[in-house]
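One structure below.
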Amino acid sequence: MGINIPDKLTFKKREVINLTRLDGKVLDYWEKEFDNLNPVVNKNGDKFYTRIDIDLILRIKELLIEKKSNKEETKKLIYDEFNGIEKVDIQKKKIDKDKLGQLNIVKNGLKDILTILDKDDKK
């Protein structure tokens with residue numbers, strides 16, 4: 001489709017809307033219709049999508065809108081193409097080991113911050 005997806009791990013909903021040129025309500029509807037599309041939602045209700053989610057959205061868009069496939073055909077094709085794909089595994093393949101080590105350090109640091117914040121909330 002020729003869309004240049006930035007080299008990031010996660011994308012905010014607004015970024016996905018801009019990249020895919022789809023309405024946010026369409027994304028919300030597709031999340032209900034396609035089991036493979038499940039962005040992470042934080043405590044505030046903000047949605048975060050992975051590159052795999054964006055690939056999936058673009059494929060659904062291609063099938064439903066550009067190729068005019070019906071919803072059931074699209075669901076079957078999406079299931080066949082994306083079922084069994086684990087987002088984490090694919091992300092790890094795209095990231096070299098040095099970056100994974102750095103990400104693990106950041107992840108552990110964020111866990112520590114969340115623990116501190118959680119303790120502050122309980123006071």
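Ordering of the structure tokens sets the chain letters (A, B, ...), residue numbers begin anew at 1 in every chain, and ligands are numbered from 1 in the order given.
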* **Selection: 7 Å around segment 1-11 of chain A, only C-alpha atoms, excl. self and same-chain fewer than 6 positions, as a PyMOL selection string** => chain A and resi 48-51
Emit the selected residues as a PDB file, in the first residue's frame, including N, CA, C and O atoms.
ATOM      1  N   PHE A  48      -3.106   1.918  22.456  1.00  0.00           N
ATOM      2  CA  PHE A  48      -1.798   1.862  21.836  1.00  0.00           C
ATOM      3  C   PHE A  48      -1.744   0.650  20.914  1.00  0.00           C
ATOM      4  O   PHE A  48      -2.081  -0.456  21.311  1.00  0.00           O
ATOM      5  N   TYR A  49      -1.331   0.896  19.686  1.00  0.00           N
ATOM      6  CA  TYR A  49      -1.285  -0.131  18.648  1.00  0.00           C
ATOM      7  C   TYR A  49       0.168  -0.476  18.330  1.00  0.00           C
ATOM      8  O   TYR A  49       1.054   0.378  18.412  1.00  0.00           O
ATOM      9  N   THR A  50       0.402  -1.726  17.944  1.00  0.00           N
ATOM     10  CA  THR A  50       1.732  -2.155  17.517  1.00  0.00           C
ATOM     11  C   THR A  50       1.826  -2.051  15.997  1.00  0.00           C
ATOM     12  O   THR A  50       0.822  -1.813  15.319  1.00  0.00           O
ATOM     13  N   ARG A  51       3.020  -2.275  15.487  1.00  0.00           N
ATOM     14  CA  ARG A  51       3.200  -2.300  14.027  1.00  0.00           C
ATOM     15  C   ARG A  51       2.372  -3.421  13.401  1.00  0.00           C
ATOM     16  O   ARG A  51       1.839  -3.274  12.310  1.00  0.00           O
TER      17      ARG A  51
END
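One distance worth recording is that between atom CA of Leu37 of chain A and atom CA of Lys61 of chain A, which is 12.7 Å.
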* To do: Run DSSP on the backbone and grab whatever in segment 1-71 of chain A lands in alpha helix (DSSP H); send it over as an MDAnalysis selection string.
  => chainID A and resid 13:20 24:33 51:61 71
